[in-house]
>>> print(open('work-v5.json').read())   # JSON, C-alpha atoms and all ligand atoms
[["chain", "number", "residue", "atom", "x", "y", "z"],
["A", 1, "MET", "CA", 28.67, -3.89, -3.71],
["A", 2, "ALA", "CA", 26.13, -5.13, -6.26],
["A", 3, "PHE", "CA", 22.46, -4.96, -5.25],
["A", 4, "PRO", "CA", 19.54, -6.43, -7.22],
["A", 5, "VAL", "CA", 17.57, -3.23, -6.55],
["A", 6, "ASN", "CA", 18.41, 0.45, -7.05],
["A", 7, "ALA", "CA", 20.88, 1.90, -4.58],
["A", 8, "VAL", "CA", 20.86, 5.35, -3.00],
["A", 9, "THR", "CA", 24.18, 7.10, -2.39],
["A", 10, "LEU", "CA", 24.50, 8.57, 1.11],
["A", 11, "ASN", "CA", 26.36, 11.67, 2.27],
["A", 12, "ASP", "CA", 29.30, 9.60, 3.57],
["A", 13, "GLY", "CA", 29.90, 8.05, 0.13],
["A", 14, "THR", "CA", 28.35, 4.66, 0.93],
["A", 15, "SER", "CA", 25.25, 3.27, -0.74],
["A", 16, "ILE", "CA", 22.11, 1.53, 0.50],
["A", 17, "PRO", "CA", 19.63, -0.68, -1.41],
["A", 18, "GLN", "CA", 16.50, 1.44, -1.81],
["A", 19, "LEU", "CA", 14.23, -1.50, -0.99],
["A", 20, "GLY", "CA", 14.56, -3.87, 1.95],
["A", 21, "LEU", "CA", 12.66, -5.84, 4.58],
["A", 22, "GLY", "CA", 11.07, -4.30, 7.69],
["A", 23, "THR", "CA", 10.84, -6.49, 10.77],
["A", 24, "TYR", "CA", 8.83, -4.61, 13.41],
["A", 25, "ARG", "CA", 6.39, -6.93, 15.21],
["A", 26, "LEU", "CA", 8.06, -10.08, 13.89],
["A", 27, "ALA", "CA", 8.92, -12.28, 16.87],
["A", 28, "ASP", "CA", 12.36, -13.89, 16.75],
["A", 29, "ASP", "CA", 11.27, -17.19, 15.14],
["A", 30, "ASP", "CA", 9.08, -15.43, 12.57],
["A", 31, "ALA", "CA", 11.87, -12.98, 11.82],
["A", 32, "TYR", "CA", 14.17, -15.95, 11.17],
["A", 33, "ARG", "CA", 11.66, -17.51, 8.77],
["A", 34, "VAL", "CA", 10.74, -14.30, 6.96],
["A", 35, "ALA", "CA", 14.32, -13.02, 6.69],
["A", 36, "SER", "CA", 15.46, -16.43, 5.36],
["A", 37, "GLN", "CA", 12.74, -16.37, 2.70],
["A", 38, "ALA", "CA", 13.50, -12.76, 1.84],
["A", 39, "LEU", "CA", 17.23, -13.34, 1.46],
["A", 40, "GLU", "CA", 16.55, -16.35, -0.73],
["A", 41, "MET", "CA", 14.37, -14.30, -3.09],
["A", 42, "GLY", "CA", 16.91, -11.49, -3.43],
["A", 43, "TYR", "CA", 16.34, -9.04, -0.57],
["A", 44, "ARG", "CA", 19.71, -7.76, 0.67],
["A", 45, "HIS", "CA", 18.65, -5.00, 3.09],
["A", 46, "ILE", "CA", 17.09, -5.70, 6.50],
["A", 47, "ASP", "CA", 15.89, -3.13, 9.03],
["A", 48, "THR", "CA", 15.74, -4.21, 12.68],
["A", 49, "ALA", "CA", 16.16, -2.66, 16.13],
["A", 50, "ARG", "CA", 17.07, -3.76, 19.62],
["A", 51, "LEU", "CA", 13.45, -2.94, 20.52],
["A", 52, "TYR", "CA", 12.09, -5.58, 18.11],
["A", 53, "HIS", "CA", 13.69, -8.48, 20.02],
["A", 54, "ASN", "CA", 14.41, -10.29, 16.77],
["A", 55, "GLU", "CA", 18.09, -9.58, 16.08],
["A", 56, "SER", "CA", 19.02, -13.19, 16.98],
["A", 57, "GLY", "CA", 16.59, -14.68, 14.46],
["A", 58, "ILE", "CA", 17.77, -12.29, 11.79],
["A", 59, "GLY", "CA", 21.41, -13.13, 12.58],
["A", 60, "ARG", "CA", 20.63, -16.84, 12.19],
["A", 61, "ALA", "CA", 18.95, -16.20, 8.83],
["A", 62, "ILE", "CA", 21.99, -14.20, 7.66],
["A", 63, "ARG", "CA", 24.47, -16.90, 8.71],
["A", 64, "GLU", "CA", 22.50, -19.74, 7.17],
["A", 65, "SER", "CA", 21.96, -17.81, 3.91],
["A", 66, "GLY", "CA", 25.66, -18.04, 3.08],
["A", 67, "ILE", "CA", 25.41, -14.62, 1.40],
["A", 68, "PRO", "CA", 28.74, -12.73, 1.56],
["A", 69, "ARG", "CA", 28.62, -10.06, 4.28],
["A", 70, "ASP", "CA", 29.56, -7.32, 1.82],
["A", 71, "ASP", "CA", 26.43, -8.03, -0.24],
["A", 72, "LEU", "CA", 24.15, -7.33, 2.73],
["A", 73, "TYR", "CA", 22.95, -4.07, 4.26],
["A", 74, "ILE", "CA", 21.90, -4.41, 7.90],
["A", 75, "THR", "CA", 20.45, -1.59, 10.01],
["A", 76, "THR", "CA", 19.77, -1.68, 13.72],
["A", 77, "LYS", "CA", 18.88, 1.03, 16.23],
["A", 78, "LEU", "CA", 19.86, 2.43, 19.61],
["A", 79, "TRP", "CA", 16.93, 2.23, 22.02],
["A", 80, "ASN", "CA", 16.02, 5.23, 24.20],
["A", 81, "GLY", "CA", 17.07, 3.85, 27.58],
["A", 82, "ASP", "CA", 20.42, 2.78, 26.12],
["A", 83, "GLN", "CA", 21.35, 6.25, 24.84],
["A", 84, "PRO", "CA", 23.80, 6.90, 27.71],
["A", 85, "LYS", "CA", 25.71, 3.67, 26.87],
["A", 86, "ALA", "CA", 25.63, 3.31, 23.11],
["A", 87, "ARG", "CA", 28.76, 1.16, 22.88],
["A", 88, "ASP", "CA", 27.30, -1.52, 25.17],
["A", 89, "ALA", "CA", 24.02, -1.38, 23.25],
["A", 90, "LEU", "CA", 25.67, -1.79, 19.85],
["A", 91, "SER", "CA", 27.92, -4.59, 21.17],
["A", 92, "GLY", "CA", 24.79, -6.41, 22.35],
["A", 93, "SER", "CA", 23.11, -5.97, 18.98],
["A", 94, "LEU", "CA", 26.23, -7.20, 17.15],
["A", 95, "ASP", "CA", 26.41, -10.27, 19.43],
["A", 96, "ARG", "CA", 22.78, -11.13, 18.73],
["A", 97, "LEU", "CA", 23.17, -10.52, 15.00],
["A", 98, "GLY", "CA", 26.45, -12.46, 14.93],
["A", 99, "LEU", "CA", 28.09, -9.63, 13.00],
["A", 100, "GLU", "CA", 31.30, -7.66, 13.46],
["A", 101, "HIS", "CA", 29.68, -4.49, 12.22],
["A", 102, "VAL", "CA", 26.33, -3.18, 11.03],
["A", 103, "ASP", "CA", 25.98, -1.00, 7.95],
["A", 104, "LEU", "CA", 23.82, 1.60, 9.65],
["A", 105, "TYR", "CA", 23.19, 2.44, 13.30],
["A", 106, "LEU", "CA", 20.32, 4.82, 14.04],
["A", 107, "ILE", "CA", 19.25, 6.69, 17.15],
["A", 108, "HIS", "CA", 15.73, 5.24, 17.29],
["A", 109, "TRP", "CA", 13.96, 8.30, 18.79],
["A", 110, "PRO", "CA", 15.24, 11.65, 19.99],
["A", 111, "ALA", "CA", 13.30, 11.11, 23.24],
["A", 112, "PRO", "CA", 13.87, 14.77, 24.11],
["A", 113, "LEU", "CA", 12.50, 14.49, 27.65],
["A", 114, "ARG", "CA", 15.37, 12.14, 28.50],
["A", 115, "GLY", "CA", 17.93, 14.74, 27.42],
["A", 116, "THR", "CA", 20.52, 12.22, 26.18],
["A", 117, "TYR", "CA", 20.26, 12.10, 22.37],
["A", 118, "VAL", "CA", 22.86, 14.80, 21.62],
["A", 119, "ASP", "CA", 25.49, 13.01, 23.68],
["A", 120, "ALA", "CA", 24.40, 9.72, 22.06],
["A", 121, "TRP", "CA", 25.20, 11.20, 18.66],
["A", 122, "LYS", "CA", 28.76, 11.98, 19.83],
["A", 123, "GLN", "CA", 29.07, 8.36, 20.96],
["A", 124, "LEU", "CA", 27.86, 7.10, 17.57],
["A", 125, "GLU", "CA", 30.63, 9.11, 15.89],
["A", 126, "VAL", "CA", 33.18, 7.13, 17.92],
["A", 127, "LEU", "CA", 31.48, 3.79, 17.17],
["A", 128, "ARG", "CA", 31.68, 4.62, 13.48],
["A", 129, "ALA", "CA", 35.37, 5.57, 13.76],
["A", 130, "ASP", "CA", 35.97, 2.23, 15.50],
["A", 131, "GLY", "CA", 34.35, 0.34, 12.60],
["A", 132, "LEU", "CA", 31.43, -1.10, 14.58],
["A", 133, "THR", "CA", 29.03, 0.58, 12.16],
["A", 134, "THR", "CA", 29.78, 1.86, 8.67],
["A", 135, "SER", "CA", 27.27, 4.72, 8.76],
["A", 136, "ILE", "CA", 25.32, 6.57, 11.41],
["A", 137, "GLY", "CA", 21.91, 8.20, 11.26],
["A", 138, "VAL", "CA", 18.77, 9.05, 13.16],
["A", 139, "SER", "CA", 15.10, 8.19, 13.27],
["A", 140, "ASN", "CA", 12.03, 10.22, 14.20],
["A", 141, "PHE", "CA", 14.03, 13.45, 14.28],
["A", 142, "GLU", "CA", 12.39, 16.83, 13.64],
["A", 143, "PRO", "CA", 14.45, 19.77, 12.34],
["A", 144, "GLU", "CA", 14.99, 21.02, 15.90],
["A", 145, "HIS", "CA", 16.60, 17.70, 16.85],
["A", 146, "LEU", "CA", 18.77, 17.79, 13.71],
["A", 147, "ASP", "CA", 19.79, 21.33, 14.70],
["A", 148, "ALA", "CA", 20.73, 20.20, 18.21],
["A", 149, "ILE", "CA", 23.18, 17.58, 16.95],
["A", 150, "ALA", "CA", 24.51, 19.93, 14.24],
["A", 151, "ALA", "CA", 25.40, 22.37, 17.02],
["A", 152, "VAL", "CA", 27.90, 19.90, 18.50],
["A", 153, "SER", "CA", 28.95, 17.79, 15.51],
["A", 154, "ASP", "CA", 30.18, 18.19, 11.96],
["A", 155, "VAL", "CA", 28.88, 14.72, 11.09],
["A", 156, "VAL", "CA", 25.54, 14.95, 9.32],
["A", 157, "PRO", "CA", 23.28, 11.88, 9.76],
["A", 158, "VAL", "CA", 23.20, 9.89, 6.50],
["A", 159, "ILE", "CA", 19.51, 9.10, 7.01],
["A", 160, "ASN", "CA", 16.46, 10.15, 9.00],
["A", 161, "GLN", "CA", 13.93, 7.28, 9.24],
["A", 162, "VAL", "CA", 10.47, 8.73, 9.81],
["A", 163, "GLU", "CA", 6.80, 7.84, 9.48],
["A", 164, "LEU", "CA", 5.91, 8.52, 5.85],
["A", 165, "HIS", "CA", 3.18, 7.24, 3.53],
["A", 166, "PRO", "CA", 0.65, 8.75, 1.10],
["A", 167, "LEU", "CA", -1.59, 9.94, 3.95],
["A", 168, "PHE", "CA", 1.37, 11.58, 5.75],
["A", 169, "GLN", "CA", 3.92, 12.66, 3.17],
["A", 170, "GLN", "CA", 6.24, 14.81, 5.28],
["A", 171, "LYS", "CA", 6.83, 17.28, 2.43],
["A", 172, "ALA", "CA", 8.39, 19.97, 4.63],
["A", 173, "LEU", "CA", 10.69, 17.52, 6.39],
["A", 174, "ARG", "CA", 11.74, 15.97, 3.06],
["A", 175, "ALA", "CA", 12.67, 19.46, 1.78],
["A", 176, "GLU", "CA", 14.67, 20.00, 4.99],
["A", 177, "HIS", "CA", 16.48, 16.69, 4.41],
["A", 178, "ALA", "CA", 17.32, 17.67, 0.84],
["A", 179, "LYS", "CA", 18.81, 20.96, 2.08],
["A", 180, "ARG", "CA", 20.97, 19.12, 4.64],
["A", 181, "GLY", "CA", 22.03, 16.16, 2.44],
["A", 182, "ILE", "CA", 20.10, 13.61, 4.52],
["A", 183, "ALA", "CA", 18.36, 10.67, 2.79],
["A", 184, "THR", "CA", 14.78, 9.88, 3.81],
["A", 185, "GLU", "CA", 13.59, 6.44, 4.90],
["A", 186, "SER", "CA", 9.85, 5.81, 5.27],
["A", 187, "TRP", "CA", 8.68, 3.74, 8.16],
["A", 188, "GLY", "CA", 5.12, 2.53, 7.79],
["A", 189, "PRO", "CA", 5.27, 2.91, 3.98],
["A", 190, "LEU", "CA", 2.01, 0.92, 3.68],
["A", 191, "CYS", "CA", 0.38, 3.06, 6.39],
["A", 192, "HIS", "CA", 1.82, 0.92, 9.17],
["A", 193, "GLY", "CA", -0.95, -1.66, 8.68],
["A", 194, "ALA", "CA", -3.15, 0.76, 10.64],
["A", 195, "VAL", "CA", -5.82, 1.70, 8.09],
["A", 196, "ASP", "CA", -7.83, 0.18, 5.26],
["A", 197, "LEU", "CA", -5.90, 1.45, 2.24],
["A", 198, "VAL", "CA", -8.88, 1.31, -0.16],
["A", 199, "GLU", "CA", -11.20, 3.04, 2.27],
["A", 200, "GLU", "CA", -8.68, 5.85, 2.80],
["A", 201, "MET", "CA", -7.57, 6.16, -0.83],
["A", 202, "PRO", "CA", -10.24, 4.70, -3.16],
["A", 203, "ALA", "CA", -8.56, 6.18, -6.25],
["A", 204, "LEU", "CA", -5.78, 3.63, -5.77],
["A", 205, "VAL", "CA", -8.09, 0.89, -7.03],
["A", 206, "ASN", "CA", -8.21, 2.42, -10.49],
["A", 207, "LEU", "CA", -4.50, 3.23, -10.49],
["A", 208, "ALA", "CA", -3.58, -0.32, -9.55],
["A", 209, "GLU", "CA", -5.84, -1.73, -12.28],
["A", 210, "ARG", "CA", -4.26, 0.50, -14.90],
["A", 211, "TYR", "CA", -0.72, -0.56, -13.99],
["A", 212, "GLU", "CA", -1.80, -4.19, -13.49],
["A", 213, "LYS", "CA", -0.21, -4.07, -10.06],
["A", 214, "THR", "CA", -1.57, -4.32, -6.51],
["A", 215, "ILE", "CA", -2.43, -1.28, -4.43],
["A", 216, "ALA", "CA", 0.53, -2.03, -2.16],
["A", 217, "GLN", "CA", 2.88, -2.14, -5.16],
["A", 218, "VAL", "CA", 1.61, 1.23, -6.42],
["A", 219, "ILE", "CA", 2.15, 2.81, -2.99],
["A", 220, "LEU", "CA", 5.63, 1.32, -2.63],
["A", 221, "ARG", "CA", 6.58, 2.40, -6.16],
["A", 222, "TRP", "CA", 5.42, 5.95, -5.34],
["A", 223, "HIS", "CA", 7.98, 6.04, -2.49],
["A", 224, "LEU", "CA", 10.74, 4.75, -4.76],
["A", 225, "GLN", "CA", 10.04, 7.35, -7.46],
["A", 226, "HIS", "CA", 10.38, 10.05, -4.81],
["A", 227, "GLY", "CA", 13.87, 8.71, -4.04],
["A", 228, "ILE", "CA", 12.78, 7.44, -0.61],
["A", 229, "ILE", "CA", 14.24, 4.27, 0.94],
["A", 230, "ILE", "CA", 11.65, 1.67, 2.06],
["A", 231, "PHE", "CA", 11.47, -1.68, 3.83],
["A", 232, "PRO", "CA", 7.86, -2.86, 4.03],
["A", 233, "LYS", "CA", 7.18, -5.48, 6.68],
["A", 234, "THR", "CA", 5.22, -8.65, 6.01],
["A", 235, "SER", "CA", 4.97, -12.06, 7.60],
["A", 236, "SER", "CA", 3.70, -13.67, 4.39],
["A", 237, "LYS", "CA", 5.85, -15.26, 1.70],
["A", 238, "GLU", "CA", 3.44, -14.18, -1.05],
["A", 239, "ARG", "CA", 3.63, -10.57, 0.08],
["A", 240, "LEU", "CA", 7.42, -10.73, 0.26],
["A", 241, "VAL", "CA", 7.36, -11.55, -3.46],
["A", 242, "GLU", "CA", 4.75, -8.86, -4.15],
["A", 243, "ASN", "CA", 6.64, -6.15, -2.25],
["A", 244, "PHE", "CA", 9.86, -6.94, -4.11],
["A", 245, "ALA", "CA", 8.36, -6.76, -7.62],
["A", 246, "LEU", "CA", 8.63, -2.99, -7.98],
["A", 247, "PHE", "CA", 11.21, -2.54, -10.70],
["A", 248, "ASP", "CA", 9.27, -3.67, -13.76],
["A", 249, "PHE", "CA", 6.90, -0.70, -14.01],
["A", 250, "GLU", "CA", 6.95, 3.07, -13.69],
["A", 251, "ILE", "CA", 4.20, 5.41, -12.49],
["A", 252, "SER", "CA", 3.66, 8.41, -14.78],
["A", 253, "ASP", "CA", 4.39, 11.93, -13.50],
["A", 254, "ALA", "CA", 0.68, 12.75, -13.61],
["A", 255, "ASP", "CA", -0.19, 9.71, -11.48],
["A", 256, "ILE", "CA", 2.63, 10.48, -9.04],
["A", 257, "ARG", "CA", 1.07, 13.94, -8.66],
["A", 258, "GLU", "CA", -2.33, 12.36, -8.07],
["A", 259, "ILE", "CA", -0.91, 10.26, -5.21],
["A", 260, "ASP", "CA", 0.91, 13.38, -3.92],
["A", 261, "GLY", "CA", -2.59, 14.80, -3.54],
["A", 262, "PHE", "CA", -3.65, 12.05, -1.08],
["A", 263, "ASP", "CA", -1.67, 13.77, 1.68],
["A", 264, "ILE", "CA", -3.98, 14.68, 4.58],
["A", 265, "ASN", "CA", -1.20, 15.05, 7.15],
["A", 266, "LYS", "CA", -2.57, 12.00, 8.97],
["A", 267, "ARG", "CA", 0.02, 10.70, 11.40],
["A", 268, "LEU", "CA", -0.70, 7.09, 12.38],
["A", 269, "GLY", "CA", 2.09, 6.52, 14.89],
["A", 270, "THR", "CA", 3.67, 8.44, 17.77],
["A", 271, "ALA", "CA", 4.88, 12.01, 17.22],
["A", 272, "PRO", "CA", 8.68, 12.33, 17.49],
["A", 273, "ALA", "CA", 8.77, 14.41, 20.66],
["A", 274, "ASP", "CA", 6.39, 12.01, 22.43],
["A", 275, "GLY", "CA", 8.47, 8.84, 22.06],
["A", 276, "ASN", "CA", 10.27, 9.02, 25.38],
["A", 277, "TRP", "CA", 9.64, 5.44, 26.58],
["A", 278, "ASP", "CA", 12.23, 3.39, 28.41],
["A", 301, "LIG", "N1", 12.02, 3.96, 13.34],
["A", 301, "LIG", "C1", 10.81, 3.70, 13.83],
["A", 301, "LIG", "O1", 10.37, 4.31, 14.82],
["A", 301, "LIG", "C2", 9.96, 2.69, 13.15],
["A", 301, "LIG", "C3", 8.60, 2.59, 13.48],
["A", 301, "LIG", "C4", 7.83, 1.64, 12.82],
["A", 301, "LIG", "C5", 8.41, 0.83, 11.86],
["A", 301, "LIG", "N2", 9.75, 0.94, 11.55],
["A", 301, "LIG", "C6", 10.39, 0.08, 10.52],
["A", 301, "LIG", "O2", 9.69, 0.26, 9.29],
["A", 301, "LIG", "C7", 9.23, -1.02, 8.84],
["A", 301, "LIG", "C8", 7.95, -0.89, 8.05],
["A", 301, "LIG", "O3", 6.94, -0.25, 8.80],
["A", 301, "LIG", "P1", 5.71, -1.01, 9.50],
["A", 301, "LIG", "O4", 6.06, -2.43, 9.72],
["A", 301, "LIG", "O5", 5.32, -0.23, 10.68],
["A", 301, "LIG", "O6", 4.52, -0.85, 8.48],
["A", 301, "LIG", "P2", 4.27, -1.17, 6.92],
["A", 301, "LIG", "O7", 5.44, -1.88, 6.33],
["A", 301, "LIG", "O8", 3.78, 0.08, 6.32],
["A", 301, "LIG", "O9", 3.00, -2.12, 7.00],
["A", 301, "LIG", "C9", 3.07, -3.42, 7.49],
["A", 301, "LIG", "C10", 1.64, -3.94, 7.45],
["A", 301, "LIG", "O10", 1.22, -4.01, 6.08],
["A", 301, "LIG", "C11", 0.84, -5.35, 5.78],
["A", 301, "LIG", "N3", 1.34, -5.64, 4.42],
["A", 301, "LIG", "C12", 2.61, -5.87, 4.04],
["A", 301, "LIG", "N4", 2.69, -6.08, 2.72],
["A", 301, "LIG", "C13", 1.42, -5.96, 2.24],
["A", 301, "LIG", "C14", 0.87, -6.07, 0.96],
["A", 301, "LIG", "N5", 1.61, -6.34, -0.12],
["A", 301, "LIG", "N6", -0.48, -5.89, 0.82],
["A", 301, "LIG", "C15", -1.26, -5.61, 1.89],
["A", 301, "LIG", "N7", -0.76, -5.49, 3.15],
["A", 301, "LIG", "C16", 0.57, -5.66, 3.32],
["A", 301, "LIG", "C17", 1.47, -6.22, 6.84],
["A", 301, "LIG", "O11", 0.67, -7.33, 7.11],
["A", 301, "LIG", "P3", 1.25, -8.85, 7.00],
["A", 301, "LIG", "O12", 2.47, -8.94, 7.88],
["A", 301, "LIG", "O13", 0.09, -9.66, 7.50],
["A", 301, "LIG", "O14", 1.56, -9.07, 5.55],
["A", 301, "LIG", "C18", 1.50, -5.29, 8.05],
["A", 301, "LIG", "O15", 0.25, -5.32, 8.70],
["A", 301, "LIG", "C19", 9.07, -1.79, 10.17],
["A", 301, "LIG", "O16", 8.86, -3.16, 9.99],
["A", 301, "LIG", "C20", 10.34, -1.41, 10.86],
["A", 301, "LIG", "O17", 11.45, -2.11, 10.32],
["A", 301, "LIG", "C21", 10.52, 1.86, 12.20]]
>>> encode(input="work-v5.json", output="structure tokens", more="lines below")
Ligand SMILES: NC(=O)c1ccc[n+]([C@@H]2O[C@H](COP(=O)([O-])OP(=O)(O)OC[C@H]3O[C@@H](n4cnc5c(N)ncnc54)[C@H](OP(=O)(O)O)[C@@H]3O)[C@@H](O)[C@H]2O)c1
Amino acid sequence: MAFPVNAVTLNDGTSIPQLGLGTYRLADDDAYRVASQALEMGYRHIDTARLYHNESGIGRAIRESGIPRDDLYITTKLWNGDQPKARDALSGSLDRLGLEHVDLYLIHWPAPLRGTYVDAWKQLEVLRADGLTTSIGVSNFEPEHLDAIAAVSDVVPVINQVELHPLFQQKALRAEHAKRGIATESWGPLCHGAVDLVEEMPALVNLAERYEKTIAQVILRWHLQHGIIIFPKTSSKERLVENFALFDFEISDADIREIDGFDINKRLGTAPADGNWD
């Protein structure tokens, strides 16, 4: 598979484009428009979820793009209430996407109060064996949740997708991933759109000026240089272009260390154990 962006090799031998498109909070029609524009400008990796209610629009964009299936990397996720019936949930996602398989299927949250995620992992193993998804992984898992599935399964998740950005760098969890052979995906790489980036990290203004890039590009490049997989979300065509132009510059080690220093352990979304919604 040839990708226009760097690829990361996963623990099952497959590879994933390190940069893609996030689609949270894009309604179906917007997701169709944005995904179509993104595919046209070279994006080949799209992150969605049953929860986002936009798999149909993304499927339409994929079909109309005419891009060969093998050149695309599509992720979707198993929602909490569907954990007891993962096969039905994935079949529904595949129907909406118009695909025979996804590249990556993630357990969206451990939702520990529901008590079903360990069994869901065993179901995902079967779905992978049946070819409905090429790889399987998790999202919003803490080490204790990774331990719980490791206790019943020899299959290590290829990826853990977690909140991660300069204000919340997850250094301990990233070290844990490295030990276990799990790749890290950042959700909310641009701080989830929840804060004013300049107000929170004024030193980024000077960094961006020096590299002749935008603040968003500097933040996204910081993730890439840490080997993290990202898929920033935007509804704007200009920002799609901006967020994809990350491979023509490199941040120096000293500047990477400066951004490493912006970590204030500031979580902007829900903590993993608290995401137990239906
Ligand atoms: N597994 C999970 O639990 C989970 C949770 C959250 C998200 N995710 C996934 O991760 C993806 C990314 O995370 P996210 O959508 O929460 O947050 P994000 O990508 O960090 O930030 C998106 C926000 O940043 C703005 N933005 C995008 N590009 C920009 C740029 N170049 N300059 C300035 N602002 C920019 C967007 O506004 P505009 O749209 O107006 O451009 C939007 O408000 C999601 O879309 C989803 O696929 C997963």
>>> atom_distance(input="work-v5.json", atom1="CA of Gly66 in chain A", atom2="CA of Leu127 in chain A")
26.6 Å
>>> closest_atom_pairs(input="work-v5.json", of="chain A", to="ligand LIG 301 (chain A)", cutoff="6 Å", atoms="only C-alpha atoms and all ligand atoms", output="tab-separated table")
residue	atom	partner	partner_atom	distance
A:Gly22	CA	A:LIG301	O16	3.4
A:Thr23	CA	A:LIG301	O16	4.0
A:Tyr24	CA	A:LIG301	O16	3.7
A:Asp47	CA	A:LIG301	O17	4.7
A:Thr48	CA	A:LIG301	O17	5.3
A:His108	CA	A:LIG301	N1	5.6
A:Ser139	CA	A:LIG301	N1	5.2
A:Gln161	CA	A:LIG301	N1	5.6
A:Trp187	CA	A:LIG301	O2	3.8
A:Gly188	CA	A:LIG301	O8	3.2
A:Pro189	CA	A:LIG301	O8	4.0
A:Leu190	CA	A:LIG301	O8	3.3
A:Cys191	CA	A:LIG301	O8	4.5
A:His192	CA	A:LIG301	O6	3.3
A:Gly193	CA	A:LIG301	C10	3.7
A:Ala216	CA	A:LIG301	N5	4.9
A:Phe231	CA	A:LIG301	C7	5.5
A:Pro232	CA	A:LIG301	O7	3.5
A:Lys233	CA	A:LIG301	O7	4.0
A:Thr234	CA	A:LIG301	O12	3.3
A:Ser235	CA	A:LIG301	O12	4.0
A:Ser236	CA	A:LIG301	O14	5.2
A:Arg239	CA	A:LIG301	N5	4.7
A:Glu242	CA	A:LIG301	N5	5.7
A:Asn243	CA	A:LIG301	N5	5.5
>>> residues_around(input="work-v5.json", residues="Leu99 in chain A", least_positions_apart="3", cutoff="10 Å", atoms="only C-alpha atoms", output="ChimeraX atom specification")
/A:59,62-63,69,74,91,93-96,102,132
>>> write_last_selection(input="work-v5.json", atoms="C-alpha atoms", output="tab-separated table (two decimals), in the frame of the given file")
chain	number	residue	atom	x	y	z
A	59	GLY	CA	21.41	-13.13	12.58
A	62	ILE	CA	21.99	-14.20	7.66
A	63	ARG	CA	24.47	-16.90	8.71
A	69	ARG	CA	28.62	-10.06	4.28
A	74	ILE	CA	21.90	-4.41	7.90
A	91	SER	CA	27.92	-4.59	21.17
A	93	SER	CA	23.11	-5.97	18.98
A	94	LEU	CA	26.23	-7.20	17.15
A	95	ASP	CA	26.41	-10.27	19.43
A	96	ARG	CA	22.78	-11.13	18.73
A	102	VAL	CA	26.33	-3.18	11.03
A	132	LEU	CA	31.43	-1.10	14.58
>>> closest_residue(input="work-v5.json", among="A:Arg128, A:Val205, A:Asn80, A:Pro157", to="Leu113 in chain A", atoms="all atoms listed in the file")
A:Asn80
>>> atom_distance(input="work-v5.json", atom1="CA of Gly92 in chain A", atom2="CA of Thr133 in chain A")
13.1 Å
>>> closest_residue(input="work-v5.json", among="A:Leu204, A:Ile149, A:Leu90, A:Val158", to="Thr184 in chain A", atoms="only C-alpha atoms")
A:Val158
>>> closest_residue(input="work-v5.json", among="A:Ile219, A:Ala254, A:Ala183, A:Leu167", to="Asn11 in chain A", atoms="only C-alpha atoms")
A:Ala183
>>> residues_around(input="work-v5.json", residues="Ala89 in chain A", least_positions_apart="6", cutoff="10 Å", atoms="all atoms listed in the file", output="number ranges by chain")
A: 50, 77-79, 81-83, 95
>>> atom_distance(input="work-v5.json", atom1="CA of Leu21 in chain A", atom2="CA of Glu209 in chain A")
25.4 Å
>>> closest_residue(input="work-v5.json", among="A:Gln169, A:Thr134, A:Asn54, A:Asn276", to="Gly13 in chain A", atoms="only C-alpha atoms")
A:Thr134
>>> residues_near_point(input="work-v5.json", point="(17.1, -18.5, 4.1)", cutoff="10 Å", atoms="only C-alpha atoms", output="list in words")
Tyr32, Arg33, Val34, Ala35, Ser36, Gln37, Ala38, Leu39, Glu40, Met41, Ile58, Arg60, Ala61, Ile62, Arg63, Glu64, Ser65, Gly66 and Ile67 of chain A
>>> axis_aligned_box(input="work-v5.json", around="range 37-42 of chain A", padding_each_side="4 Å", output="JSON")
{"center_x": 15.0, "center_y": -13.9, "center_z": -0.4, "size_x": 12.5, "size_y": 12.9, "size_z": 14.1}
>>> residues_near_point(input="work-v5.json", point="(4.4, 12.9, 19.0)", cutoff="12 Å", atoms="all atoms listed in the file", output="PyMOL selection string")
chain A and resi 109-113+140-142+162-163+267-277
>>> closest_residue(input="work-v5.json", among="A:Leu246, A:Ile182, A:His177, A:His226", to="Lys213 in chain A", atoms="only C-alpha atoms")
A:Leu246
>>> closest_residue(input="work-v5.json", among="A:Ala7, A:Ala49, A:Ile136, A:Ile159", to="Arg25 in chain A", atoms="all atoms listed in the file")
A:Ala49
>>> decode(input="work-v5.json", residues="range 193-210 of chain A", atoms="C-alpha atoms", output="CSV table (one decimal), in the first residue's frame")
chain,number,residue,atom,x,y,z
A,193,GLY,CA,-11.1,22.8,19.8
A,194,ALA,CA,-11.7,23.5,23.5
A,195,VAL,CA,-9.1,26.2,24.3
A,196,ASP,CA,-7.5,29.2,22.8
A,197,LEU,CA,-4.2,27.8,21.7
A,198,VAL,CA,-2.3,31.1,21.9
A,199,GLU,CA,-3.7,32.0,25.3
A,200,GLU,CA,-2.6,28.6,26.6
A,201,MET,CA,0.7,28.3,24.9
A,202,PRO,CA,1.9,31.8,23.9
A,203,ALA,CA,5.4,30.6,23.0
A,204,LEU,CA,3.9,28.9,20.0
A,205,VAL,CA,3.5,32.2,18.3
A,206,ASN,CA,7.3,32.6,18.1
A,207,LEU,CA,7.9,29.0,17.1
A,208,ALA,CA,5.3,29.2,14.3
A,209,GLU,CA,6.9,32.4,13.0
A,210,ARG,CA,10.4,30.9,13.0
